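Reading through the structure tokens given below for one structure.
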Amino acid sequence: MTDAPQTIAQRLQEVRGRLSDACHVAGRDPAGVTLVAVSKGQPAQAIRDAYAAGQRDFGENYVQEWQVKAQALADLTDLRWHFVGHLQRNKVKLVVGNVFLLHSADDMAGIGELARVAWSRGVRQDVLLQVNLAQEASKRGCTEAEADEFVQVLCRSPGLRLLGLMTLPPVEDDPQQARPWFAQLRGLRDRLAAQWQDQPGVPVEWSLSMGMSGDFSAAIAEGATHVRIGTAIFGSRTYT
């Protein structure tokens with residue numbers, strides 16, 4: 001006789017336990033780490049199940065998929081949407097002012113369009129700067145050397161509020177191999193925070209969005225404030 005498959009609520013409880021354990025080992029308060037349940041490829045009902053288990057922060061990668069889910073789940077008024085994928089410029093107007101946090105401000109042209117739409121609507125959109133530390137061709141984001149210029153532009157862009165940094169490390173078999181990349185992002189955060197302290201528009205406490213299902217414990221050890229976890233909560237994607 002095989003065991004019954006775990007429910008989303010059970011998997012979510014396990015992830016929260018692992019998150020708490022990782023924080024304990026790192027000497028951190030679990031309240032300082034936001035768990036973003038990445039729900040791309042999952043039906044709206046799966047999000048409802050996680051919501052019923054107490055989850056409030058959900059991440060989506062694709063605008064059209066997110067729009068369908070947002071409409072279906074509009075009754076969940078305290079649900080917080082995070083956009084964690086690349087945002088095409090022609091879809092910026094659909095997202096600005098409608099998501100809690102955009103994790104992927106990743107190029108100058110896109111940032112300019114974000115600012116234009118936010119200013120025209122009289123809203124402030126919270127964003128994270130995506131940094132491509134390994135300079136992988138398959139991933140987006142500024143290089144570490146470009147980060148100062150991007151921070152300057154973001155902090156001077158009307159309608160945008162920079163909250164911190166995000167990265168996607170190279171995919172490795174051993175989760176600990178991602179840890180140096182997380183440490184590098186933390187080091188960049190520390191340098192930027194020191195260099196830009198007391199300047200208008202600069203975060204008081206910089207967020208670090210890093211770590212996914214396989215490596216979030218290593219990310220927490222290096223200071224992650226947001227971890228983006230999908231498979232460990234929802235299982236395999238229902239569709240792509």
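Naming scheme: A, B, ... for chains in displayed order of the structure tokens; residues 1 onward per chain; ligands 1 onward as shown.
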
Using only C-alpha atoms, determine which residues lie at most 6 Å from segment 160-163 of chain A, disregarding the query and same-chain residues fewer than 2 positions distant; provide the list as a short mmCIF file (atom, residue, chain, number, x, y, z; two decimals) with C-alpha atoms, in the first residue's frame.
```
data_model
loop_
_atom_site.label_atom_id
_atom_site.label_comp_id
_atom_site.auth_asym_id
_atom_site.auth_seq_id
_atom_site.Cartn_x
_atom_site.Cartn_y
_atom_site.Cartn_z
CA ALA A 115 8.55 54.73 -14.45
CA ARG A 124 4.32 53.94 -6.77
CA GLN A 125 5.53 50.53 -7.86
CA ASP A 126 7.96 48.68 -5.59
CA VAL A 127 10.73 46.95 -7.53
CA LEU A 128 13.87 44.88 -7.09
CA SER A 157 12.69 57.39 -11.45
CA PRO A 158 9.33 58.90 -10.47
CA PRO A 203 16.27 51.62 0.60
CA TRP A 206 17.75 46.38 1.33
CA SER A 207 15.78 43.27 0.38
#
```

Which neighbours of segment 104-111 of chain A fall inside 8 Å, counting only C-alpha atoms, when residues of the same chain fewer than 2 positions from it are skipped, and could you give them as a ChimeraX atom specification? /A:83-89,102,113-115,127-131,140-142,150,154,166

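The space separating atom CA of Asp75 of chain A from atom CA of Arg48 of chain A comes to 10.5 Å.
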
Excluding Pro169 of chain A and its own-chain neighbours fewer than 4 positions away, which residues fall within 10 Å of it when counting only C-alpha atoms? Please give them as a list in words.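 The residues satisfying every condition are Val131, Asn132, Leu133, Ala134, Gln135, Glu136, Lys139, Gln177, Ala178, Arg179, Pro180, Trp181, Phe182, Leu185, Met210, Gly211 and Asp215 of chain A.
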
Produce a file of the selected residues containing C-alpha atoms, as an mmCIF file, in the first residue's frame.
```cif
data_model
loop_
_atom_site.group_PDB
_atom_site.id
_atom_site.type_symbol
_atom_site.label_atom_id
_atom_site.label_comp_id
_atom_site.auth_asym_id
_atom_site.auth_seq_id
_atom_site.Cartn_x
_atom_site.Cartn_y
_atom_site.Cartn_z
ATOM 1 C CA VAL A 131 21.491 41.260 -11.124
ATOM 2 C CA ASN A 132 22.985 38.625 -13.425
ATOM 3 C CA LEU A 133 26.055 37.882 -11.333
ATOM 4 C CA ALA A 134 27.278 34.978 -13.465
ATOM 5 C CA GLN A 135 26.585 36.926 -16.677
ATOM 6 C CA GLU A 136 24.758 33.940 -18.150
ATOM 7 C CA LYS A 139 19.359 35.073 -17.960
ATOM 8 C CA GLN A 177 27.247 25.481 -4.960
ATOM 9 C CA ALA A 178 24.768 28.343 -5.221
ATOM 10 C CA ARG A 179 25.845 29.781 -1.889
ATOM 11 C CA PRO A 180 28.831 31.774 -3.228
ATOM 12 C CA TRP A 181 26.471 33.550 -5.631
ATOM 13 C CA PHE A 182 24.139 34.406 -2.768
ATOM 14 C CA LEU A 185 24.738 39.406 -3.978
ATOM 15 C CA MET A 210 17.259 34.789 -3.817
ATOM 16 C CA GLY A 211 16.771 31.087 -3.311
ATOM 17 C CA ASP A 215 18.655 26.013 -2.443
#
```

Could you pull out the strand (DSSP E or B) residues of segment 14-181 of chain A from DSSP and send them as a ChimeraX atom specification? /A:34-38,57-60,80-83,101-105,125-131,142,160-166
